[in-house]
Amino acid sequence: MNIFQSIPLKKLNTFALDVKAKYYTEIVDEKEIPCLIENETFRENKRFILGAGSNVLFTQDFDGLVVLVSNRGIKILEQAEDYALIEAGAGEFWNEFVIAMLKSGFYGLENLAMIPGKVGAAAIQNIGAYGVEQKDFLHSVKGYRIEDNEFPELPAKECDFSYRSSIFKSALKDNFVISSVLYKLLKKPNVNSNYKDIKNEIEKDGIKNPDPHYIFNCVSKIRGRKLPDPSDFPNAGSYFKNPIIKKELLAELKASHPDIPYYEMADSVKIPAAWLIEKCNMKGTIKSGAGVWKNHSLVLVNYGTAKPVDIINLANEIKSKVFQKFSINLVEEVILI
Ligand code: EPU
């Protein structure tokens, strides 16, 4: 493991922001983690553990150590008639992992097709799409706890998973390096086609019994239509989380906006932030090289010349317009560094 100085991060963040890391290293094998933790540069600087850089916004040069997680490997640990227990290195690319599972006949992750990022970050962020969250199939997370030099395996129920969050973003923030994630996948498909967009597609295609391969292709198609490819239009997916509001506020908003979409939750509702942004006439706006994607208003795009401040200014303008119109505070889904 070598530590390098003053390394450009432009190719390591999907917003393609031209920032630098003061120190940089890469982990290609989980056996390197203890050595990393003991390293003086790691101990004495602030650090950021980076996956595919697809959910981060570097607000400026990083004045510390960036650790790129690249340890790969997929192992079948256990198989029974109806399930398989799989261990994937934190540095596996998520979509490649999903494809490999589908090819092996291990199902459940097909709704999470085409999500950029790596396996370790998928657990931290509890990625979700089209009616499935990765927590639905997660068995446990292995990694290194810095504080006590332990290498525990945390079962799913100890990971505090919730909408786009986990213990790795709260109690264990900056104190845990994930080495691998274990998933318990189905050998007999149990297709989840409840999401509106998937239902529409099934109807259009006239499919009677969609299988996991169909769902994977269907989700890939929907995403391809709505979301910009970061290699053409650098972006980090949804910029904001969908806000969760009280039912009382929804009732008030319904009076002035009867068409407001929402998803029922236990004692609250979730509103699509994309709709709020669109209603503020921000869809398609471009300012100083930063823009709101024309096909999906929750995605902010770097049109090539944006600096971190241009993305932040645009995001702040969106937040203030949405607050003025709906009294709702949007909160970033991307991690600001
Ligand atoms: N909508 C608009 N305008 C738009 C786009 C969407 O009004 O430009 C409204 C529509 O009412 C639509 C609703 O928003 O029905 C929901 O849109 P969509 O199905 O595209 O989902 P989303 O809520 O915007 C979330 C996730 C996505 C995930 C999709 C599909 C968050 C923050 N985002 O987006 O995840 O792919 O659902 O499940 O929860 C990501 O996290 O980076 C991400 C892309």
# chains A, B, ... in the order shown; residues from 1 in each chain; ligands from 1
>>> residues_around(residues="Asn235 in chain A", least_positions_apart="4", cutoff="9 Å", atoms="only C-alpha atoms", output="CSV table (one decimal) with N, CA, C and O atoms, in the first residue's frame")
chain,number,residue,atom,x,y,z
A,13,ASN,N,-14.8,10.9,-9.3
A,13,ASN,CA,-16.1,11.3,-8.8
A,13,ASN,C,-17.0,11.6,-10.0
A,13,ASN,O,-16.6,12.2,-11.0
A,14,THR,N,-18.2,11.0,-10.0
A,14,THR,CA,-19.1,11.0,-11.2
A,14,THR,C,-19.6,12.4,-11.6
A,14,THR,O,-20.2,12.6,-12.6
A,15,PHE,N,-19.4,13.4,-10.7
A,15,PHE,CA,-19.7,14.8,-11.0
A,15,PHE,C,-18.6,15.4,-11.8
A,15,PHE,O,-18.7,16.5,-12.3
A,16,ALA,N,-17.5,14.6,-11.9
A,16,ALA,CA,-16.3,15.1,-12.7
A,16,ALA,C,-15.8,16.4,-12.2
A,16,ALA,O,-15.4,17.3,-13.0
A,54,SER,N,-19.9,8.0,-6.9
A,54,SER,CA,-21.1,8.3,-7.6
A,54,SER,C,-22.2,8.9,-6.7
A,54,SER,O,-23.3,9.1,-7.2
A,55,ASN,N,-21.9,9.1,-5.5
A,55,ASN,CA,-22.9,9.8,-4.6
A,55,ASN,C,-22.2,10.8,-3.7
A,55,ASN,O,-22.7,11.0,-2.6
A,228,PRO,N,-29.4,10.7,-16.7
A,228,PRO,CA,-28.3,10.9,-17.6
A,228,PRO,C,-27.1,10.0,-17.3
A,228,PRO,O,-26.9,9.7,-16.1
A,229,ASP,N,-26.4,9.5,-18.3
A,229,ASP,CA,-25.2,8.7,-18.1
A,229,ASP,C,-24.1,9.6,-17.7
A,229,ASP,O,-23.8,10.5,-18.4
A,230,PRO,N,-23.5,9.3,-16.5
A,230,PRO,CA,-22.4,10.2,-16.0
A,230,PRO,C,-21.3,10.4,-17.0
A,230,PRO,O,-20.6,11.4,-16.9
A,231,SER,N,-21.1,9.4,-17.9
A,231,SER,CA,-19.9,9.6,-18.8
A,231,SER,C,-20.2,10.6,-19.8
A,231,SER,O,-19.3,11.2,-20.4
A,239,TYR,N,-30.0,14.1,-6.3
A,239,TYR,CA,-29.2,15.0,-5.5
A,239,TYR,C,-29.8,15.2,-4.1
A,239,TYR,O,-29.1,15.3,-3.1
A,299,VAL,N,-32.1,15.3,-10.6
A,299,VAL,CA,-30.7,15.0,-10.9
A,299,VAL,C,-30.0,16.3,-11.3
A,299,VAL,O,-30.5,17.0,-12.2
A,300,LEU,N,-28.9,16.7,-10.6
A,300,LEU,CA,-28.2,17.9,-11.0
A,300,LEU,C,-27.0,17.4,-11.8
A,300,LEU,O,-26.4,16.4,-11.6
A,301,VAL,N,-26.7,18.2,-12.9
A,301,VAL,CA,-25.7,17.8,-13.8
A,301,VAL,C,-24.6,18.8,-14.0
A,301,VAL,O,-24.8,20.0,-13.9
A,302,ASN,N,-23.4,18.3,-14.1
A,302,ASN,CA,-22.2,19.2,-14.5
A,302,ASN,C,-22.1,19.2,-16.0
A,302,ASN,O,-21.7,18.2,-16.5
>>> residues_around(residues="Ala52 in chain A", least_positions_apart="5", cutoff="12 Å", atoms="only C-alpha atoms", output="PyMOL selection string")
chain A and resi 9-16+67-70+90-95+115-122+230+236
>>> write_last_selection(atoms="N, CA and C atoms", output="mmCIF file, in the first residue's frame")
data_model
loop_
_atom_site.group_PDB
_atom_site.id
_atom_site.type_symbol
_atom_site.label_atom_id
_atom_site.label_comp_id
_atom_site.auth_asym_id
_atom_site.auth_seq_id
_atom_site.Cartn_x
_atom_site.Cartn_y
_atom_site.Cartn_z
ATOM 1 N N LEU A 9 -8.812 14.151 -8.461
ATOM 2 C CA LEU A 9 -9.943 13.243 -8.215
ATOM 3 C C LEU A 9 -10.996 13.312 -9.322
ATOM 4 N N LYS A 10 -10.703 14.072 -10.376
ATOM 5 C CA LYS A 10 -11.729 14.298 -11.403
ATOM 6 C C LYS A 10 -12.309 12.994 -11.943
ATOM 7 N N LYS A 11 -11.454 11.994 -12.143
ATOM 8 C CA LYS A 11 -11.943 10.718 -12.696
ATOM 9 C C LYS A 11 -12.520 9.819 -11.608
ATOM 10 N N LEU A 12 -12.428 10.250 -10.364
ATOM 11 C CA LEU A 12 -12.889 9.401 -9.263
ATOM 12 C C LEU A 12 -14.183 9.910 -8.635
ATOM 13 N N ASN A 13 -14.805 10.948 -9.271
ATOM 14 C CA ASN A 13 -16.138 11.348 -8.810
ATOM 15 C C ASN A 13 -16.995 11.565 -10.047
ATOM 16 N N THR A 14 -18.230 11.025 -10.019
ATOM 17 C CA THR A 14 -19.051 11.031 -11.243
ATOM 18 C C THR A 14 -19.614 12.419 -11.566
ATOM 19 N N PHE A 15 -19.437 13.399 -10.668
ATOM 20 C CA PHE A 15 -19.739 14.795 -10.989
ATOM 21 C C PHE A 15 -18.591 15.401 -11.807
ATOM 22 N N ALA A 16 -17.482 14.640 -11.917
ATOM 23 C CA ALA A 16 -16.285 15.060 -12.654
ATOM 24 C C ALA A 16 -15.786 16.429 -12.201
ATOM 25 N N VAL A 67 -9.151 7.247 0.546
ATOM 26 C CA VAL A 67 -8.843 5.816 0.397
ATOM 27 C C VAL A 67 -9.818 5.227 -0.623
ATOM 28 N N LEU A 68 -9.283 4.801 -1.747
ATOM 29 C CA LEU A 68 -10.150 4.192 -2.760
ATOM 30 C C LEU A 68 -10.291 2.703 -2.453
ATOM 31 N N VAL A 69 -11.548 2.263 -2.324
ATOM 32 C CA VAL A 69 -11.805 0.863 -1.992
ATOM 33 C C VAL A 69 -11.940 0.062 -3.281
ATOM 34 N N SER A 70 -11.004 -0.858 -3.526
ATOM 35 C CA SER A 70 -11.026 -1.626 -4.785
ATOM 36 C C SER A 70 -10.922 -3.136 -4.556
ATOM 37 N N ALA A 90 -16.108 -5.234 -0.861
ATOM 38 C CA ALA A 90 -16.660 -3.871 -0.848
ATOM 39 C C ALA A 90 -16.354 -3.115 -2.140
ATOM 40 N N GLY A 91 -15.277 -3.501 -2.824
ATOM 41 C CA GLY A 91 -14.876 -2.778 -4.035
ATOM 42 C C GLY A 91 -15.467 -3.343 -5.315
ATOM 43 N N GLU A 92 -16.358 -4.350 -5.207
ATOM 44 C CA GLU A 92 -17.065 -4.852 -6.402
ATOM 45 C C GLU A 92 -17.988 -3.762 -6.932
ATOM 46 N N PHE A 93 -18.050 -3.612 -8.245
ATOM 47 C CA PHE A 93 -19.021 -2.659 -8.795
ATOM 48 C C PHE A 93 -20.422 -3.235 -8.664
ATOM 49 N N TRP A 94 -21.338 -2.430 -8.112
ATOM 50 C CA TRP A 94 -22.677 -2.919 -7.780
ATOM 51 C C TRP A 94 -23.364 -3.587 -8.973
ATOM 52 N N ASN A 95 -23.377 -2.896 -10.116
ATOM 53 C CA ASN A 95 -24.144 -3.452 -11.232
ATOM 54 C C ASN A 95 -23.525 -4.748 -11.752
ATOM 55 N N ILE A 115 -27.459 0.643 -11.018
ATOM 56 C CA ILE A 115 -27.114 1.701 -10.050
ATOM 57 C C ILE A 115 -25.599 1.819 -10.036
ATOM 58 N N PRO A 116 -25.082 3.026 -10.260
ATOM 59 C CA PRO A 116 -23.632 3.184 -10.198
ATOM 60 C C PRO A 116 -23.151 2.988 -8.758
ATOM 61 N N GLY A 117 -21.876 2.768 -8.566
ATOM 62 C CA GLY A 117 -21.373 2.649 -7.192
ATOM 63 C C GLY A 117 -20.832 1.267 -6.925
ATOM 64 N N LYS A 118 -20.311 1.096 -5.710
ATOM 65 C CA LYS A 118 -19.709 -0.175 -5.316
ATOM 66 C C LYS A 118 -20.496 -0.797 -4.164
ATOM 67 N N VAL A 119 -20.219 -2.066 -3.906
ATOM 68 C CA VAL A 119 -20.975 -2.837 -2.920
ATOM 69 C C VAL A 119 -20.889 -2.219 -1.511
ATOM 70 N N GLY A 120 -19.709 -1.806 -1.091
ATOM 71 C CA GLY A 120 -19.550 -1.248 0.263
ATOM 72 C C GLY A 120 -20.412 -0.004 0.444
ATOM 73 N N ALA A 121 -20.388 0.867 -0.553
ATOM 74 C CA ALA A 121 -21.171 2.111 -0.476
ATOM 75 C C ALA A 121 -22.661 1.814 -0.537
ATOM 76 N N ALA A 122 -23.040 0.732 -1.246
ATOM 77 C CA ALA A 122 -24.459 0.367 -1.348
ATOM 78 C C ALA A 122 -25.021 0.076 0.041
ATOM 79 N N PRO A 230 -23.497 9.316 -16.488
ATOM 80 C CA PRO A 230 -22.444 10.212 -15.984
ATOM 81 C C PRO A 230 -21.275 10.381 -16.958
ATOM 82 N N ALA A 236 -24.572 12.775 -9.982
ATOM 83 C CA ALA A 236 -24.475 11.809 -8.874
ATOM 84 C C ALA A 236 -25.852 11.238 -8.541
#
>>> residues_near_ligand(ligand="ligand 1", cutoff="9 Å", atoms="only C-alpha atoms and all ligand atoms", output="number ranges by chain")
A: 54-55, 111-112, 115-116, 125, 127-132, 163-164, 195-197, 219, 222-223, 226-227, 236-243, 260-262, 270-279, 283, 293-299, 332-334
>>> select_by_dssp(residues="range 28-144 of chain A", states="strand (DSSP E)", output="PDB file with N, CA, C and O atoms, in the first residue's frame")
ATOM      1  N   ARG A  47      -9.958  11.627   6.889  1.00  0.00           N
ATOM      2  CA  ARG A  47      -9.909  10.691   5.754  1.00  0.00           C
ATOM      3  C   ARG A  47     -11.296  10.491   5.183  1.00  0.00           C
ATOM      4  O   ARG A  47     -12.301  10.683   5.872  1.00  0.00           O
ATOM      5  N   PHE A  48     -11.317  10.088   3.945  1.00  0.00           N
ATOM      6  CA  PHE A  48     -12.594   9.754   3.321  1.00  0.00           C
ATOM      7  C   PHE A  48     -12.434   8.457   2.544  1.00  0.00           C
ATOM      8  O   PHE A  48     -11.526   8.314   1.730  1.00  0.00           O
ATOM      9  N   ILE A  49     -13.323   7.505   2.826  1.00  0.00           N
ATOM     10  CA  ILE A  49     -13.290   6.207   2.141  1.00  0.00           C
ATOM     11  C   ILE A  49     -14.188   6.333   0.913  1.00  0.00           C
ATOM     12  O   ILE A  49     -15.387   6.604   1.044  1.00  0.00           O
ATOM     13  N   LEU A  50     -13.593   6.140  -0.259  1.00  0.00           N
ATOM     14  CA  LEU A  50     -14.307   6.403  -1.513  1.00  0.00           C
ATOM     15  C   LEU A  50     -14.575   5.108  -2.265  1.00  0.00           C
ATOM     16  O   LEU A  50     -13.688   4.263  -2.410  1.00  0.00           O
ATOM     17  N   VAL A  56     -21.181  11.443  -4.261  1.00  0.00           N
ATOM     18  CA  VAL A  56     -20.463  12.439  -3.459  1.00  0.00           C
ATOM     19  C   VAL A  56     -20.330  13.752  -4.223  1.00  0.00           C
ATOM     20  O   VAL A  56     -20.333  13.771  -5.457  1.00  0.00           O
ATOM     21  N   LEU A  57     -20.250  14.826  -3.447  1.00  0.00           N
ATOM     22  CA  LEU A  57     -19.938  16.131  -4.029  1.00  0.00           C
ATOM     23  C   LEU A  57     -18.742  16.679  -3.254  1.00  0.00           C
ATOM     24  O   LEU A  57     -18.870  17.026  -2.072  1.00  0.00           O
ATOM     25  N   PHE A  62      -9.635  18.083  -1.092  1.00  0.00           N
ATOM     26  CA  PHE A  62      -9.760  17.353   0.174  1.00  0.00           C
ATOM     27  C   PHE A  62      -8.438  17.408   0.926  1.00  0.00           C
ATOM     28  O   PHE A  62      -7.436  16.861   0.474  1.00  0.00           O
ATOM     29  N   ASP A  63      -8.472  18.042   2.085  1.00  0.00           N
ATOM     30  CA  ASP A  63      -7.268  18.285   2.850  1.00  0.00           C
ATOM     31  C   ASP A  63      -6.983  17.104   3.797  1.00  0.00           C
ATOM     32  O   ASP A  63      -6.879  17.273   5.014  1.00  0.00           O
ATOM     33  N   GLY A  64      -6.912  15.910   3.243  1.00  0.00           N
ATOM     34  CA  GLY A  64      -6.685  14.732   4.065  1.00  0.00           C
ATOM     35  C   GLY A  64      -6.405  13.549   3.158  1.00  0.00           C
ATOM     36  O   GLY A  64      -5.940  13.726   2.025  1.00  0.00           O
ATOM     37  N   LEU A  65      -6.718  12.344   3.661  1.00  0.00           N
ATOM     38  CA  LEU A  65      -6.418  11.107   2.914  1.00  0.00           C
ATOM     39  C   LEU A  65      -7.691  10.523   2.291  1.00  0.00           C
ATOM     40  O   LEU A  65      -8.669  10.262   2.991  1.00  0.00           O
ATOM     41  N   VAL A  66      -7.664  10.334   0.977  1.00  0.00           N
ATOM     42  CA  VAL A  66      -8.753   9.625   0.297  1.00  0.00           C
ATOM     43  C   VAL A  66      -8.304   8.177   0.101  1.00  0.00           C
ATOM     44  O   VAL A  66      -7.214   7.919  -0.413  1.00  0.00           O
ATOM     45  N   VAL A  67      -9.151   7.247   0.546  1.00  0.00           N
ATOM     46  CA  VAL A  67      -8.843   5.816   0.397  1.00  0.00           C
ATOM     47  C   VAL A  67      -9.818   5.227  -0.623  1.00  0.00           C
ATOM     48  O   VAL A  67     -11.024   5.197  -0.382  1.00  0.00           O
ATOM     49  N   LEU A  68      -9.283   4.801  -1.747  1.00  0.00           N
ATOM     50  CA  LEU A  68     -10.150   4.192  -2.760  1.00  0.00           C
ATOM     51  C   LEU A  68     -10.291   2.703  -2.453  1.00  0.00           C
ATOM     52  O   LEU A  68      -9.291   1.982  -2.323  1.00  0.00           O
ATOM     53  N   VAL A  69     -11.548   2.263  -2.324  1.00  0.00           N
ATOM     54  CA  VAL A  69     -11.805   0.863  -1.992  1.00  0.00           C
ATOM     55  C   VAL A  69     -11.940   0.062  -3.281  1.00  0.00           C
ATOM     56  O   VAL A  69     -12.854   0.288  -4.076  1.00  0.00           O
ATOM     57  N   ILE A  74     -16.221 -12.366  -5.401  1.00  0.00           N
ATOM     58  CA  ILE A  74     -17.566 -12.818  -5.040  1.00  0.00           C
ATOM     59  C   ILE A  74     -17.465 -14.296  -4.683  1.00  0.00           C
ATOM     60  O   ILE A  74     -16.935 -15.090  -5.465  1.00  0.00           O
ATOM     61  N   LYS A  75     -17.948 -14.642  -3.465  1.00  0.00           N
ATOM     62  CA  LYS A  75     -17.856 -16.047  -3.016  1.00  0.00           C
ATOM     63  C   LYS A  75     -19.241 -16.562  -2.651  1.00  0.00           C
ATOM     64  O   LYS A  75     -20.023 -15.839  -2.014  1.00  0.00           O
ATOM     65  N   ILE A  76     -19.520 -17.801  -3.017  1.00  0.00           N
ATOM     66  CA  ILE A  76     -20.747 -18.440  -2.533  1.00  0.00           C
ATOM     67  C   ILE A  76     -20.370 -19.124  -1.222  1.00  0.00           C
ATOM     68  O   ILE A  76     -19.536 -20.026  -1.202  1.00  0.00           O
ATOM     69  N   LEU A  77     -20.966 -18.671  -0.117  1.00  0.00           N
ATOM     70  CA  LEU A  77     -20.573 -19.226   1.184  1.00  0.00           C
ATOM     71  C   LEU A  77     -21.416 -20.433   1.564  1.00  0.00           C
ATOM     72  O   LEU A  77     -20.958 -21.316   2.285  1.00  0.00           O
ATOM     73  N   GLU A  78     -22.664 -20.436   1.079  1.00  0.00           N
ATOM     74  CA  GLU A  78     -23.606 -21.461   1.527  1.00  0.00           C
ATOM     75  C   GLU A  78     -24.733 -21.541   0.507  1.00  0.00           C
ATOM     76  O   GLU A  78     -25.104 -20.514  -0.068  1.00  0.00           O
ATOM     77  N   GLN A  79     -25.259 -22.737   0.286  1.00  0.00           N
ATOM     78  CA  GLN A  79     -26.422 -22.863  -0.599  1.00  0.00           C
ATOM     79  C   GLN A  79     -27.393 -23.844  -0.005  1.00  0.00           C
ATOM     80  O   GLN A  79     -26.992 -24.866   0.536  1.00  0.00           O
ATOM     81  N   TYR A  83     -32.174 -20.744  -1.120  1.00  0.00           N
ATOM     82  CA  TYR A  83     -31.377 -19.511  -1.007  1.00  0.00           C
ATOM     83  C   TYR A  83     -29.886 -19.780  -1.195  1.00  0.00           C
ATOM     84  O   TYR A  83     -29.420 -20.934  -1.123  1.00  0.00           O
ATOM     85  N   ALA A  84     -29.163 -18.676  -1.437  1.00  0.00           N
ATOM     86  CA  ALA A  84     -27.694 -18.751  -1.486  1.00  0.00           C
ATOM     87  C   ALA A  84     -27.150 -17.585  -0.668  1.00  0.00           C
ATOM     88  O   ALA A  84     -27.699 -16.473  -0.706  1.00  0.00           O
ATOM     89  N   LEU A  85     -26.102 -17.853   0.102  1.00  0.00           N
ATOM     90  CA  LEU A  85     -25.454 -16.791   0.880  1.00  0.00           C
ATOM     91  C   LEU A  85     -24.170 -16.408   0.144  1.00  0.00           C
ATOM     92  O   LEU A  85     -23.294 -17.247  -0.064  1.00  0.00           O
ATOM     93  N   ILE A  86     -24.108 -15.128  -0.229  1.00  0.00           N
ATOM     94  CA  ILE A  86     -23.023 -14.670  -1.090  1.00  0.00           C
ATOM     95  C   ILE A  86     -22.231 -13.582  -0.375  1.00  0.00           C
ATOM     96  O   ILE A  86     -22.821 -12.696   0.252  1.00  0.00           O
ATOM     97  N   GLU A  87     -20.902 -13.620  -0.512  1.00  0.00           N
ATOM     98  CA  GLU A  87     -20.060 -12.546   0.052  1.00  0.00           C
ATOM     99  C   GLU A  87     -19.407 -11.794  -1.105  1.00  0.00           C
ATOM    100  O   GLU A  87     -18.801 -12.408  -1.989  1.00  0.00           O
ATOM    101  N   ALA A  88     -19.568 -10.462  -1.089  1.00  0.00           N
ATOM    102  CA  ALA A  88     -18.982  -9.650  -2.164  1.00  0.00           C
ATOM    103  C   ALA A  88     -18.027  -8.621  -1.570  1.00  0.00           C
ATOM    104  O   ALA A  88     -18.354  -7.949  -0.578  1.00  0.00           O
ATOM    105  N   GLY A  89     -16.849  -8.502  -2.164  1.00  0.00           N
ATOM    106  CA  GLY A  89     -15.871  -7.508  -1.710  1.00  0.00           C
ATOM    107  C   GLY A  89     -16.455  -6.101  -1.830  1.00  0.00           C
ATOM    108  O   GLY A  89     -17.205  -5.802  -2.769  1.00  0.00           O
ATOM    109  N   GLY A 128     -31.632   2.088  -2.891  1.00  0.00           N
ATOM    110  CA  GLY A 128     -32.955   1.544  -3.165  1.00  0.00           C
ATOM    111  C   GLY A 128     -33.465   2.068  -4.487  1.00  0.00           C
ATOM    112  O   GLY A 128     -33.091   3.159  -4.915  1.00  0.00           O
ATOM    113  N   ALA A 129     -34.271   1.258  -5.155  1.00  0.00           N
ATOM    114  CA  ALA A 129     -34.910   1.704  -6.389  1.00  0.00           C
ATOM    115  C   ALA A 129     -35.994   0.718  -6.793  1.00  0.00           C
ATOM    116  O   ALA A 129     -35.866  -0.481  -6.544  1.00  0.00           O
ATOM    117  N   VAL A 132     -37.377  -1.839  -4.155  1.00  0.00           N
ATOM    118  CA  VAL A 132     -36.482  -2.713  -3.371  1.00  0.00           C
ATOM    119  C   VAL A 132     -35.359  -1.872  -2.761  1.00  0.00           C
ATOM    120  O   VAL A 132     -34.882  -0.934  -3.391  1.00  0.00           O
ATOM    121  N   GLU A 133     -34.983  -2.215  -1.541  1.00  0.00           N
ATOM    122  CA  GLU A 133     -33.777  -1.617  -0.938  1.00  0.00           C
ATOM    123  C   GLU A 133     -32.792  -2.755  -0.716  1.00  0.00           C
ATOM    124  O   GLU A 133     -33.207  -3.886  -0.437  1.00  0.00           O
ATOM    125  N   LEU A 138     -29.833  -8.014   2.460  1.00  0.00           N
ATOM    126  CA  LEU A 138     -28.539  -7.999   3.133  1.00  0.00           C
ATOM    127  C   LEU A 138     -28.540  -8.928   4.356  1.00  0.00           C
ATOM    128  O   LEU A 138     -29.464  -8.912   5.153  1.00  0.00           O
ATOM    129  N   HIS A 139     -27.508  -9.740   4.458  1.00  0.00           N
ATOM    130  CA  HIS A 139     -27.386 -10.673   5.585  1.00  0.00           C
ATOM    131  C   HIS A 139     -26.512 -10.059   6.678  1.00  0.00           C
ATOM    132  O   HIS A 139     -26.881 -10.027   7.851  1.00  0.00           O
ATOM    133  N   SER A 140     -25.335  -9.531   6.293  1.00  0.00           N
ATOM    134  CA  SER A 140     -24.421  -8.942   7.278  1.00  0.00           C
ATOM    135  C   SER A 140     -23.338  -8.132   6.580  1.00  0.00           C
ATOM    136  O   SER A 140     -23.174  -8.227   5.354  1.00  0.00           O
ATOM    137  N   VAL A 141     -22.628  -7.354   7.379  1.00  0.00           N
ATOM    138  CA  VAL A 141     -21.548  -6.518   6.846  1.00  0.00           C
ATOM    139  C   VAL A 141     -20.280  -6.808   7.637  1.00  0.00           C
ATOM    140  O   VAL A 141     -20.299  -6.785   8.868  1.00  0.00           O
ATOM    141  N   LYS A 142     -19.189  -7.107   6.918  1.00  0.00           N
ATOM    142  CA  LYS A 142     -17.910  -7.345   7.597  1.00  0.00           C
ATOM    143  C   LYS A 142     -17.002  -6.135   7.407  1.00  0.00           C
ATOM    144  O   LYS A 142     -17.009  -5.516   6.337  1.00  0.00           O
ATOM    145  N   GLY A 143     -16.212  -5.844   8.413  1.00  0.00           N
ATOM    146  CA  GLY A 143     -15.287  -4.726   8.251  1.00  0.00           C
ATOM    147  C   GLY A 143     -14.464  -4.492   9.500  1.00  0.00           C
ATOM    148  O   GLY A 143     -14.540  -5.256  10.470  1.00  0.00           O
ATOM    149  N   TYR A 144     -13.696  -3.424   9.438  1.00  0.00           N
ATOM    150  CA  TYR A 144     -12.741  -3.114  10.492  1.00  0.00           C
ATOM    151  C   TYR A 144     -13.244  -1.927  11.308  1.00  0.00           C
ATOM    152  O   TYR A 144     -13.532  -0.855  10.759  1.00  0.00           O
TER     153      TYR A 144
END
>>> residues_around(residues="Ile311 in chain A", least_positions_apart="3", cutoff="9 Å", atoms="only C-alpha atoms", output="number ranges by chain")
A: 57, 287-291, 300-302, 306-308, 314-316
>>> write_last_selection(atoms="N, CA, C and O atoms", output="compact mmCIF listing (two decimals), in the first residue's frame")
# COMPACT_ATOMS: atom_id res chain seq x y z
N LEU A 57 -20.25 14.83 -3.45
CA LEU A 57 -19.94 16.13 -4.03
C LEU A 57 -18.74 16.68 -3.25
O LEU A 57 -18.87 17.03 -2.07
N LYS A 287 -27.22 26.94 -15.12
CA LYS A 287 -26.56 28.17 -14.65
C LYS A 287 -25.10 27.89 -14.39
O LYS A 287 -24.78 26.96 -13.63
N SER A 288 -24.21 28.66 -14.98
CA SER A 288 -22.76 28.51 -14.78
C SER A 288 -22.31 27.06 -14.93
O SER A 288 -21.54 26.54 -14.12
N GLY A 289 -22.83 26.38 -15.92
CA GLY A 289 -22.38 25.01 -16.19
C GLY A 289 -23.00 23.94 -15.32
O GLY A 289 -22.70 22.75 -15.48
N ALA A 290 -23.87 24.36 -14.38
CA ALA A 290 -24.57 23.38 -13.54
C ALA A 290 -26.04 23.41 -13.92
O ALA A 290 -26.60 24.49 -14.15
N GLY A 291 -26.67 22.23 -14.00
CA GLY A 291 -28.06 22.24 -14.45
C GLY A 291 -28.93 21.22 -13.77
O GLY A 291 -28.46 20.30 -13.10
N LEU A 300 -28.95 16.72 -10.62
CA LEU A 300 -28.18 17.90 -11.01
C LEU A 300 -26.99 17.42 -11.85
O LEU A 300 -26.40 16.39 -11.56
N VAL A 301 -26.67 18.22 -12.86
CA VAL A 301 -25.68 17.79 -13.84
C VAL A 301 -24.58 18.84 -13.96
O VAL A 301 -24.85 20.04 -13.91
N ASN A 302 -23.36 18.35 -14.12
CA ASN A 302 -22.24 19.23 -14.46
C ASN A 302 -22.10 19.20 -15.98
O ASN A 302 -21.74 18.17 -16.55
N ALA A 306 -18.74 23.22 -14.68
CA ALA A 306 -19.18 23.60 -13.33
C ALA A 306 -18.08 23.35 -12.30
O ALA A 306 -17.34 22.37 -12.37
N LYS A 307 -18.01 24.28 -11.36
CA LYS A 307 -17.13 24.10 -10.20
C LYS A 307 -18.05 23.69 -9.04
O LYS A 307 -19.26 23.88 -9.14
N PRO A 308 -17.46 23.13 -7.96
CA PRO A 308 -18.33 22.73 -6.84
C PRO A 308 -19.31 23.84 -6.45
O PRO A 308 -20.50 23.58 -6.24
N LEU A 314 -26.72 26.24 -7.28
CA LEU A 314 -27.96 25.78 -7.91
C LEU A 314 -28.80 25.01 -6.89
O LEU A 314 -30.03 25.21 -6.80
N ALA A 315 -28.14 24.14 -6.12
CA ALA A 315 -28.87 23.35 -5.11
C ALA A 315 -29.51 24.28 -4.08
O ALA A 315 -30.67 24.07 -3.68
N ASN A 316 -28.80 25.34 -3.69
CA ASN A 316 -29.36 26.27 -2.69
C ASN A 316 -30.56 27.03 -3.25
O ASN A 316 -31.54 27.27 -2.55
>>> closest_residue(among="A:Ile33, A:Leu249, A:Cys159, A:Ile99", to="Val177 in chain A", atoms="only C-alpha atoms")
A:Ile33
>>> atom_distance(atom1="CA of Phe4 in chain A", atom2="CA of Ile335 in chain A")
23.7 Å
>>> closest_residue(among="A:Lys321, A:Leu102, A:Ser327, A:Pro8", to="Glu252 in chain A", atoms="only C-alpha atoms")
A:Ser327
>>> closest_residue(among="A:Leu186, A:Ile37, A:Ile146, A:Ala171", to="Leu109 in chain A", atoms="only C-alpha atoms")
A:Leu186
>>> select_by_dssp(residues="range 88-271 of chain A", states="helix (DSSP H, G or I)", output="JSON, numbers by chain")
{"A": [94, 95, 96, 97, 98, 99, 100, 101, 102, 103, 104, 110, 111, 112, 119, 120, 121, 122, 123, 124, 125, 134, 135, 136, 156, 157, 158, 167, 168, 169, 196, 197, 198, 199, 200, 201, 202, 203, 204, 205, 212, 213, 214, 215, 216, 217, 218, 219, 220, 221, 222, 223, 224, 225, 226, 247, 248, 249, 250, 251, 252, 253, 254, 255, 256]}
